[in-house]
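What follows is a single structure, written as structure tokens, with notes after it.
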Amino acid sequence: MPFEINQGLGKHNSQKDFYAVLGVPMKANANEIRRRYLKIAKNLHPDSRDEDSGKKVASDLLSKFVNPAYEALSQEKEREEYDIILRLLKEQLTNHRVAPEPTSEAAKALLTHPDIEAGYQQALAEIAQKQYQNLDDILTLTAEISELNLVYLLRRDGGQVPASPSPRVSPPTVAPPRPGTSSSSSTPAANSGSQASAPPTPEPAPAAKSDSYVDKYYRRAEEFLAKNNYTEAIKELRDALNINGKSSRCHALLGKVYLQQGTLTMAKVHFNQALKINPQEAIAIEGMATMAKHEKRAAQQKAKSNPPEKAKGGFFGLFGKK
């Protein structure tokens, strides 16, 4: 049974919102995260369920839904990478003026709450209190928290939530004249003696236009990278991703820039994002292999610099001097 979050922050982050799964604030510290996890694990323990079906669902929720979230947020490096992904997501949503469009009353109220921190904490606490009480309500309440998280992510630190786009009104169409009739009798304007206007010229496809811009940014980034000008290369690629956030090659090249710069955490984030979009992205595959070698060498060097103490022989070597 898949456990996915298709609302709020989860909707824009591949059905993943680890903070919503645990029902903790996005600024929670390590102790808060651990206490919350232990409480959830106790509620989902199979021994707390009477019927076999409930035990199976509770066990699956704990192992496949809660545990991955806790593993991501309880490890400092993993959480740092996840928070970087969320910051990048916020930039993309803001630059593309994507409105949250929440469905829950709590998230709707948070859109205009005068104190975003207080409003977020209060609304989250109320939902989290009942989040894991009933197995049937867990995913629904988690989705509500994810909507809160999306609004909070966009509004915190003085951010502005884009307004919902107004529906686009299509221009009225003019029916072509039927065979045997003149075009002058097909419209009221023609009856008044004026010439019928030509149909509007269709706009060019925006995708093709945006791809051409992305290509220009990408090529300039390659040129800067060849000159080891990492700052300008990063700037060009970020501009490209603002136009098309799903460009796997831009994410891959950005990961390569960060790798050469020595910023391994950011490199890994963008390599992973590139492979998520296109598992065959060559630059990202090569970059991840290079990072694996870096990590292996670092582990070996650490082991050499901190060799294990050799056990001393004899009675006093085993039990220590008195």
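Simple scheme: letters A, B, ... for chains in structure tokens order, numbers from 1 for residues in each chain, numbers from 1 for ligands in the order shown.
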10 Å contact set for Val98 (chain A), only C-alpha atoms, chain neighbours under 3 positions out, as a PDB file with all heavy atoms, in the first residue's frame:
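File written: result_20.pdb
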```pdb
ATOM      1  N   LYS A  90      11.253  26.318  -2.851  1.00  0.00           N
ATOM      2  CA  LYS A  90      10.627  27.610  -2.572  1.00  0.00           C
ATOM      3  C   LYS A  90      10.999  28.634  -3.645  1.00  0.00           C
ATOM      4  O   LYS A  90      10.141  29.392  -4.118  1.00  0.00           O
ATOM      5  CB  LYS A  90      11.060  28.119  -1.187  1.00  0.00           C
ATOM      6  CG  LYS A  90      10.518  29.507  -0.862  1.00  0.00           C
ATOM      7  CD  LYS A  90      11.047  30.030   0.456  1.00  0.00           C
ATOM      8  CE  LYS A  90      10.535  31.440   0.722  1.00  0.00           C
ATOM      9  NZ  LYS A  90      11.021  31.988   2.007  1.00  0.00           N
ATOM     10  N   GLN A  92      11.830  28.094  -6.754  1.00  0.00           N
ATOM     11  CA  GLN A  92      11.152  27.780  -8.013  1.00  0.00           C
ATOM     12  C   GLN A  92       9.680  28.172  -7.968  1.00  0.00           C
ATOM     13  O   GLN A  92       9.148  28.751  -8.911  1.00  0.00           O
ATOM     14  CB  GLN A  92      11.295  26.286  -8.312  1.00  0.00           C
ATOM     15  CG  GLN A  92      12.714  25.870  -8.633  1.00  0.00           C
ATOM     16  CD  GLN A  92      12.839  24.377  -8.879  1.00  0.00           C
ATOM     17  OE1 GLN A  92      11.847  23.670  -8.997  1.00  0.00           O
ATOM     18  NE2 GLN A  92      14.064  23.883  -8.926  1.00  0.00           N
ATOM     19  N   LEU A  93       9.007  27.844  -6.857  1.00  0.00           N
ATOM     20  CA  LEU A  93       7.587  28.176  -6.742  1.00  0.00           C
ATOM     21  C   LEU A  93       7.379  29.684  -6.734  1.00  0.00           C
ATOM     22  O   LEU A  93       6.430  30.194  -7.333  1.00  0.00           O
ATOM     23  CB  LEU A  93       7.009  27.565  -5.460  1.00  0.00           C
ATOM     24  CG  LEU A  93       6.969  26.032  -5.404  1.00  0.00           C
ATOM     25  CD1 LEU A  93       6.434  25.572  -4.049  1.00  0.00           C
ATOM     26  CD2 LEU A  93       6.108  25.462  -6.518  1.00  0.00           C
ATOM     27  N   THR A  94       8.277  30.400  -6.056  1.00  0.00           N
ATOM     28  CA  THR A  94       8.153  31.858  -5.988  1.00  0.00           C
ATOM     29  C   THR A  94       8.428  32.496  -7.347  1.00  0.00           C
ATOM     30  O   THR A  94       7.682  33.372  -7.789  1.00  0.00           O
ATOM     31  CB  THR A  94       9.123  32.426  -4.941  1.00  0.00           C
ATOM     32  OG1 THR A  94       8.854  31.828  -3.656  1.00  0.00           O
ATOM     33  CG2 THR A  94       8.962  33.938  -4.829  1.00  0.00           C
ATOM     34  N   ASN A  95       9.483  32.045  -8.011  1.00  0.00           N
ATOM     35  CA  ASN A  95       9.832  32.623  -9.312  1.00  0.00           C
ATOM     36  C   ASN A  95       8.768  32.348 -10.371  1.00  0.00           C
ATOM     37  O   ASN A  95       8.534  33.170 -11.256  1.00  0.00           O
ATOM     38  CB  ASN A  95      11.184  32.073  -9.782  1.00  0.00           C
ATOM     39  CG  ASN A  95      12.335  32.594  -8.944  1.00  0.00           C
ATOM     40  OD1 ASN A  95      12.267  33.682  -8.383  1.00  0.00           O
ATOM     41  ND2 ASN A  95      13.393  31.820  -8.842  1.00  0.00           N
ATOM     42  N   GLU A 101      -2.976  27.209  -3.134  1.00  0.00           N
ATOM     43  CA  GLU A 101      -4.336  26.703  -3.321  1.00  0.00           C
ATOM     44  C   GLU A 101      -4.696  25.603  -2.313  1.00  0.00           C
ATOM     45  O   GLU A 101      -5.000  24.469  -2.678  1.00  0.00           O
ATOM     46  CB  GLU A 101      -4.522  26.171  -4.748  1.00  0.00           C
ATOM     47  CG  GLU A 101      -4.315  27.228  -5.818  1.00  0.00           C
ATOM     48  CD  GLU A 101      -4.518  26.687  -7.226  1.00  0.00           C
ATOM     49  OE1 GLU A 101      -4.675  25.459  -7.366  1.00  0.00           O
ATOM     50  OE2 GLU A 101      -4.536  27.486  -8.178  1.00  0.00           O
ATOM     51  N   VAL A 161       3.133  35.072  -0.597  1.00  0.00           N
ATOM     52  CA  VAL A 161       2.448  33.990  -1.287  1.00  0.00           C
ATOM     53  C   VAL A 161       1.839  34.539  -2.565  1.00  0.00           C
ATOM     54  O   VAL A 161       1.079  35.509  -2.522  1.00  0.00           O
ATOM     55  CB  VAL A 161       1.352  33.371  -0.399  1.00  0.00           C
ATOM     56  CG1 VAL A 161       0.580  32.311  -1.165  1.00  0.00           C
ATOM     57  CG2 VAL A 161       1.967  32.779   0.860  1.00  0.00           C
ATOM     58  N   PRO A 162       2.170  33.953  -3.727  1.00  0.00           N
ATOM     59  CA  PRO A 162       1.577  34.444  -4.980  1.00  0.00           C
ATOM     60  C   PRO A 162       0.066  34.293  -4.962  1.00  0.00           C
ATOM     61  O   PRO A 162      -0.474  33.332  -4.408  1.00  0.00           O
ATOM     62  CB  PRO A 162       2.202  33.545  -6.057  1.00  0.00           C
ATOM     63  CG  PRO A 162       3.400  32.937  -5.413  1.00  0.00           C
ATOM     64  CD  PRO A 162       3.081  32.834  -3.957  1.00  0.00           C
ATOM     65  N   ALA A 163      -0.632  35.257  -5.536  1.00  0.00           N
ATOM     66  CA  ALA A 163      -2.085  35.171  -5.623  1.00  0.00           C
ATOM     67  C   ALA A 163      -2.469  34.104  -6.631  1.00  0.00           C
ATOM     68  O   ALA A 163      -1.734  33.824  -7.576  1.00  0.00           O
ATOM     69  CB  ALA A 163      -2.669  36.520  -6.037  1.00  0.00           C
ATOM     70  N   SER A 164      -3.630  33.504  -6.419  1.00  0.00           N
ATOM     71  CA  SER A 164      -4.124  32.498  -7.356  1.00  0.00           C
ATOM     72  C   SER A 164      -4.321  33.144  -8.718  1.00  0.00           C
ATOM     73  O   SER A 164      -4.897  34.228  -8.815  1.00  0.00           O
ATOM     74  CB  SER A 164      -5.437  31.898  -6.863  1.00  0.00           C
ATOM     75  OG  SER A 164      -5.246  31.267  -5.622  1.00  0.00           O
ATOM     76  N   PRO A 165      -3.809  32.516  -9.773  1.00  0.00           N
ATOM     77  CA  PRO A 165      -3.941  33.126 -11.104  1.00  0.00           C
ATOM     78  C   PRO A 165      -5.394  33.209 -11.534  1.00  0.00           C
ATOM     79  O   PRO A 165      -6.177  32.303 -11.288  1.00  0.00           O
ATOM     80  CB  PRO A 165      -3.151  32.160 -12.003  1.00  0.00           C
ATOM     81  CG  PRO A 165      -3.166  30.851 -11.262  1.00  0.00           C
ATOM     82  CD  PRO A 165      -3.179  31.216  -9.802  1.00  0.00           C
TER      83      PRO A 165
END
```
Check your understanding: Quick one: residues within 7 Å of region 64-78 of chain A, only C-alpha atoms counted, chain neighbours fewer than 4 positions away excluded, as a PyMOL selection string?
Key -> chain A and resi 3+18+21-22+30+37+60+82
Practice item. Considering only C-alpha atoms, return as a list in words whatever protein or nucleic-acid residues lie within 10 Å of Tyr213 (chain A), sequence-local ones (same chain, fewer than 5 positions apart) excluded. Key: Ala208, Tyr218, Asp239, Ala240, Ile243 and Asn244 of chain A
Residues just named, written with N, CA and C atoms as a CSV table (one decimal), in the first residue's frame:
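Output saved as selection31.csv:
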```csv
chain,number,residue,atom,x,y,z
A,208,ALA,N,9.1,25.9,-26.5
A,208,ALA,CA,10.2,26.1,-27.4
A,208,ALA,C,11.0,27.3,-27.1
A,218,TYR,N,22.8,27.7,-20.4
A,218,TYR,CA,23.6,26.4,-20.2
A,218,TYR,C,25.0,26.6,-20.9
A,239,ASP,N,19.7,30.8,-13.1
A,239,ASP,CA,18.8,31.5,-14.0
A,239,ASP,C,18.0,30.6,-14.9
A,240,ALA,N,18.8,29.6,-15.4
A,240,ALA,CA,18.2,28.6,-16.3
A,240,ALA,C,17.1,27.8,-15.6
A,243,ILE,N,13.8,29.3,-15.2
A,243,ILE,CA,12.9,29.2,-16.4
A,243,ILE,C,12.3,27.8,-16.5
A,244,ASN,N,13.2,26.8,-16.3
A,244,ASN,CA,12.7,25.4,-16.4
A,244,ASN,C,13.4,24.6,-15.2
```
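Residues with any atom within 12 Å of Asp136 (chain A), counting only C-alpha atoms and excluding same-chain neighbours fewer than 3 positions away, are Gly54, Val57, Ala58, Leu61, Lys130, Gln131, Tyr132, Gln133, Leu139, Thr140, Leu141 and Thr142 of chain A.
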Could the residues in this selection be written to a file with N, CA and C atoms, as a compact mmCIF listing (two decimals), in the first residue's frame?
```txt
# COMPACT_ATOMS: atom_id res chain seq x y z
N GLY A 54 -5.54 -4.20 11.57
CA GLY A 54 -5.01 -2.97 12.15
C GLY A 54 -3.54 -3.08 12.46
N VAL A 57 -1.59 -2.67 9.08
CA VAL A 57 -1.57 -1.28 8.61
C VAL A 57 -0.65 -0.44 9.48
N ALA A 58 -0.74 -0.62 10.80
CA ALA A 58 0.10 0.15 11.72
C ALA A 58 1.57 -0.16 11.49
N LEU A 61 2.68 1.49 8.22
CA LEU A 61 2.81 2.94 8.39
C LEU A 61 4.11 3.28 9.11
N LYS A 130 -3.98 14.97 17.05
CA LYS A 130 -4.87 13.88 16.68
C LYS A 130 -4.40 13.10 15.45
N GLN A 131 -3.19 13.44 14.95
CA GLN A 131 -2.71 12.88 13.69
C GLN A 131 -2.64 11.35 13.70
N TYR A 132 -2.14 10.75 14.77
CA TYR A 132 -1.94 9.31 14.81
C TYR A 132 -2.87 8.59 15.79
N GLN A 133 -3.99 9.19 16.10
CA GLN A 133 -4.94 8.54 17.00
C GLN A 133 -5.77 7.49 16.28
N LEU A 139 -3.40 9.73 6.97
CA LEU A 139 -2.98 10.34 5.71
C LEU A 139 -3.70 11.66 5.46
N THR A 140 -4.98 11.72 5.82
CA THR A 140 -5.74 12.97 5.63
C THR A 140 -5.16 14.09 6.47
N LEU A 141 -4.88 13.81 7.74
CA LEU A 141 -4.35 14.84 8.63
C LEU A 141 -2.91 15.21 8.25
N THR A 142 -2.15 14.23 7.79
CA THR A 142 -0.78 14.53 7.34
C THR A 142 -0.81 15.46 6.12
```
Point to revise | Expected answer as an MDAnalysis selection string: helix (DSSP H, G or I) residues in region 21-160 of chain A | key: chainID A and resid 21:22 30:43 46:48 52:74 76:95 105:111 116:130 135:158
Include C-alpha atoms and write out the residues we just selected as a CSV table (one decimal), in the first residue's frame.
```
chain,number,residue,atom,x,y,z
A,21,VAL,CA,4.8,12.9,8.4
A,22,LEU,CA,6.2,13.4,11.9
A,30,ALA,CA,16.7,17.2,17.2
A,31,ASN,CA,15.2,16.6,20.6
A,32,GLU,CA,11.7,17.6,19.5
A,33,ILE,CA,12.0,15.3,16.5
A,34,ARG,CA,13.1,12.3,18.6
A,35,ARG,CA,10.4,12.8,21.2
A,36,ARG,CA,7.7,13.0,18.5
A,37,TYR,CA,9.0,9.9,16.8
A,38,LEU,CA,8.9,7.9,20.0
A,39,LYS,CA,5.4,9.0,20.6
A,40,ILE,CA,4.3,8.0,17.1
A,41,ALA,CA,6.1,4.7,17.3
A,42,LYS,CA,4.3,3.9,20.5
A,43,ASN,CA,0.9,4.7,19.0
A,46,PRO,CA,1.4,-3.6,16.7
A,47,ASP,CA,0.7,-4.7,20.3
A,48,SER,CA,-1.5,-1.7,20.7
A,52,ASP,CA,-4.8,-8.4,12.7
A,53,SER,CA,-5.7,-5.9,9.9
A,54,GLY,CA,-5.0,-3.0,12.1
A,55,LYS,CA,-1.7,-4.5,13.2
A,56,LYS,CA,-0.6,-4.8,9.6
A,57,VAL,CA,-1.6,-1.3,8.6
A,58,ALA,CA,0.1,0.2,11.7
A,59,SER,CA,3.3,-1.8,11.1
A,60,ASP,CA,3.4,-0.7,7.4
A,61,LEU,CA,2.8,2.9,8.4
A,62,LEU,CA,5.7,2.8,10.9
A,63,SER,CA,8.2,1.1,8.6
A,64,LYS,CA,7.3,2.6,5.2
A,65,PHE,CA,5.9,6.1,6.2
A,66,VAL,CA,7.3,7.2,9.6
A,67,ASN,CA,10.7,5.6,9.7
A,68,PRO,CA,12.0,7.1,6.4
A,69,ALA,CA,10.9,10.5,7.6
A,70,TYR,CA,12.7,10.1,11.0
A,71,GLU,CA,15.8,8.8,9.3
A,72,ALA,CA,16.0,11.8,7.0
A,73,LEU,CA,15.4,14.4,9.8
A,74,SER,CA,17.3,12.8,12.6
A,76,GLU,CA,22.2,16.1,10.5
A,77,LYS,CA,23.7,15.6,7.0
A,78,GLU,CA,20.5,14.1,5.6
A,79,ARG,CA,18.3,16.9,7.1
A,80,GLU,CA,20.7,19.6,5.8
A,81,GLU,CA,20.3,18.2,2.2
A,82,TYR,CA,16.6,17.9,2.6
A,83,ASP,CA,16.3,21.5,3.8
A,84,ILE,CA,18.4,22.6,0.8
A,85,ILE,CA,15.9,20.9,-1.5
A,86,LEU,CA,13.0,22.7,0.2
A,87,ARG,CA,14.8,26.1,-0.2
A,88,LEU,CA,15.3,25.4,-3.9
A,89,LEU,CA,11.7,24.4,-4.2
A,90,LYS,CA,10.6,27.6,-2.6
A,91,GLU,CA,12.7,29.6,-5.1
A,92,GLN,CA,11.2,27.8,-8.0
A,93,LEU,CA,7.6,28.2,-6.7
A,94,THR,CA,8.2,31.9,-6.0
A,95,ASN,CA,9.8,32.6,-9.3
A,105,GLU,CA,-9.4,25.6,6.6
A,106,ALA,CA,-6.3,25.8,8.7
A,107,ALA,CA,-4.0,26.4,5.7
A,108,LYS,CA,-6.5,28.9,4.2
A,109,ALA,CA,-6.4,30.8,7.4
A,110,LEU,CA,-2.6,30.7,7.5
A,111,LEU,CA,-2.4,32.4,4.1
A,116,ILE,CA,3.0,33.5,10.5
A,117,GLU,CA,5.1,31.9,13.2
A,118,ALA,CA,2.4,31.9,15.9
A,119,GLY,CA,-0.4,30.9,13.4
A,120,TYR,CA,1.7,28.0,12.0
A,121,GLN,CA,2.7,26.6,15.4
A,122,GLN,CA,-0.8,26.8,16.8
A,123,ALA,CA,-2.5,25.2,13.7
A,124,LEU,CA,0.2,22.5,13.5
A,125,ALA,CA,-0.1,21.6,17.2
A,126,GLU,CA,-3.9,21.2,16.9
A,127,ILE,CA,-3.7,18.8,13.9
A,128,ALA,CA,-0.6,16.9,15.2
A,129,GLN,CA,-2.4,16.1,18.5
A,130,LYS,CA,-4.9,13.9,16.7
A,135,LEU,CA,-5.4,4.8,11.5
A,136,ASP,CA,-8.1,5.9,9.0
A,137,ASP,CA,-7.3,9.6,9.5
A,138,ILE,CA,-3.5,9.6,9.4
A,139,LEU,CA,-3.0,10.3,5.7
A,140,THR,CA,-5.7,13.0,5.6
A,141,LEU,CA,-4.3,14.8,8.6
A,142,THR,CA,-0.8,14.5,7.3
A,143,ALA,CA,-1.9,16.1,4.1
A,144,GLU,CA,-3.4,19.0,6.0
A,145,ILE,CA,-0.1,19.5,7.8
A,146,SER,CA,1.6,19.4,4.4
A,147,GLU,CA,-0.6,22.3,3.2
A,148,LEU,CA,0.3,24.2,6.3
A,149,ASN,CA,4.0,23.6,5.6
A,150,LEU,CA,3.7,24.8,2.0
A,151,VAL,CA,2.1,28.1,3.1
A,152,TYR,CA,4.6,28.5,5.9
A,153,LEU,CA,7.6,27.8,3.5
A,154,LEU,CA,6.4,30.5,1.1
A,155,ARG,CA,5.6,33.1,3.8
A,156,ARG,CA,8.3,32.6,6.4
A,157,ASP,CA,11.3,35.1,6.4
A,158,GLY,CA,9.1,37.7,4.9
```
Exercise for review: One decimal, Å: what's the distance from CA of Gly10 (chain A) over to CA of Thr103 (chain A), could you say?
Suggested key: 13.8 Å
Check your understanding: Smallest atom-to-atom distance to Leu241 (chain A): which of A:Leu225, A:Leu253, A:Ile5, A:Leu264, using only C-alpha atoms?
Key ->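 Counting only C-alpha atoms, the residue closest to Leu241 (chain A) is A:Leu253.
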Practice item. Within 12 Å of Glu222 (chain A), counting only C-alpha atoms, which residues show up once you throw out same-chain ones fewer than 4 positions away? Write them as a list in words, please. Key: Asp215, Lys216, Tyr217, Tyr218, Ala226, Lys227, Asn228, Asn229, Tyr230, Glu232, Ala233, Ile234, Lys235, Glu236, Leu237, Arg249, Cys250, Ala252, Leu253, Leu254, Lys256 and Val257 of chain A
Got time to write the residues from that selection, N, CA and C atoms, as a JSON list (two decimals), in the first residue's frame?
```json
[["chain", "number", "residue", "atom", "x", "y", "z"],
["A", 215, "ASP", "N", 19.02, 26.94, -23.15],
["A", 215, "ASP", "CA", 20.23, 26.57, -23.89],
["A", 215, "ASP", "C", 21.30, 27.66, -23.80],
["A", 216, "LYS", "N", 20.87, 28.92, -23.91],
["A", 216, "LYS", "CA", 21.84, 30.02, -23.85],
["A", 216, "LYS", "C", 22.51, 30.09, -22.48],
["A", 217, "TYR", "N", 21.69, 29.98, -21.41],
["A", 217, "TYR", "CA", 22.26, 29.99, -20.07],
["A", 217, "TYR", "C", 23.21, 28.82, -19.87],
["A", 218, "TYR", "N", 22.81, 27.66, -20.39],
["A", 218, "TYR", "CA", 23.62, 26.44, -20.23],
["A", 218, "TYR", "C", 24.97, 26.60, -20.91],
["A", 226, "ALA", "N", 34.60, 26.15, -17.80],
["A", 226, "ALA", "CA", 35.89, 25.86, -18.43],
["A", 226, "ALA", "C", 36.97, 26.83, -17.95],
["A", 227, "LYS", "N", 36.57, 28.03, -17.55],
["A", 227, "LYS", "CA", 37.52, 29.02, -17.03],
["A", 227, "LYS", "C", 37.62, 28.99, -15.51],
["A", 228, "ASN", "N", 36.97, 27.98, -14.87],
["A", 228, "ASN", "CA", 36.94, 27.84, -13.41],
["A", 228, "ASN", "C", 36.29, 29.03, -12.72],
["A", 229, "ASN", "N", 35.41, 29.71, -13.44],
["A", 229, "ASN", "CA", 34.65, 30.82, -12.85],
["A", 229, "ASN", "C", 33.35, 30.24, -12.31],
["A", 230, "TYR", "N", 33.43, 29.65, -11.13],
["A", 230, "TYR", "CA", 32.30, 28.90, -10.57],
["A", 230, "TYR", "C", 31.13, 29.82, -10.20],
["A", 232, "GLU", "N", 30.03, 32.63, -11.57],
["A", 232, "GLU", "CA", 29.22, 33.01, -12.73],
["A", 232, "GLU", "C", 28.51, 31.80, -13.33],
["A", 233, "ALA", "N", 29.16, 30.64, -13.31],
["A", 233, "ALA", "CA", 28.53, 29.42, -13.83],
["A", 233, "ALA", "C", 27.29, 29.07, -13.01],
["A", 234, "ILE", "N", 27.41, 29.18, -11.69],
["A", 234, "ILE", "CA", 26.27, 28.89, -10.82],
["A", 234, "ILE", "C", 25.13, 29.88, -11.09],
["A", 235, "LYS", "N", 25.49, 31.13, -11.27],
["A", 235, "LYS", "CA", 24.47, 32.16, -11.54],
["A", 235, "LYS", "C", 23.71, 31.85, -12.83],
["A", 236, "GLU", "N", 24.45, 31.48, -13.88],
["A", 236, "GLU", "CA", 23.81, 31.18, -15.16],
["A", 236, "GLU", "C", 22.86, 29.99, -15.03],
["A", 237, "LEU", "N", 23.30, 28.96, -14.34],
["A", 237, "LEU", "CA", 22.48, 27.75, -14.22],
["A", 237, "LEU", "C", 21.27, 27.97, -13.33],
["A", 249, "ARG", "N", 19.71, 18.33, -17.30],
["A", 249, "ARG", "CA", 21.10, 18.65, -17.64],
["A", 249, "ARG", "C", 21.59, 19.88, -16.89],
["A", 250, "CYS", "N", 20.68, 20.84, -16.62],
["A", 250, "CYS", "CA", 21.09, 22.02, -15.83],
["A", 250, "CYS", "C", 21.38, 21.62, -14.39],
["A", 252, "ALA", "N", 22.36, 18.69, -13.46],
["A", 252, "ALA", "CA", 23.58, 17.88, -13.51],
["A", 252, "ALA", "C", 24.83, 18.77, -13.61],
["A", 253, "LEU", "N", 24.77, 19.76, -14.50],
["A", 253, "LEU", "CA", 25.93, 20.64, -14.66],
["A", 253, "LEU", "C", 26.14, 21.48, -13.40],
["A", 254, "LEU", "N", 25.06, 21.90, -12.77],
["A", 254, "LEU", "CA", 25.18, 22.66, -11.52],
["A", 254, "LEU", "C", 25.83, 21.79, -10.45],
["A", 256, "LYS", "N", 27.94, 19.43, -11.04],
["A", 256, "LYS", "CA", 29.36, 19.34, -11.42],
["A", 256, "LYS", "C", 30.13, 20.59, -10.98],
["A", 257, "VAL", "N", 29.51, 21.74, -11.14],
["A", 257, "VAL", "CA", 30.15, 22.99, -10.70],
["A", 257, "VAL", "C", 30.41, 22.96, -9.19]]
```
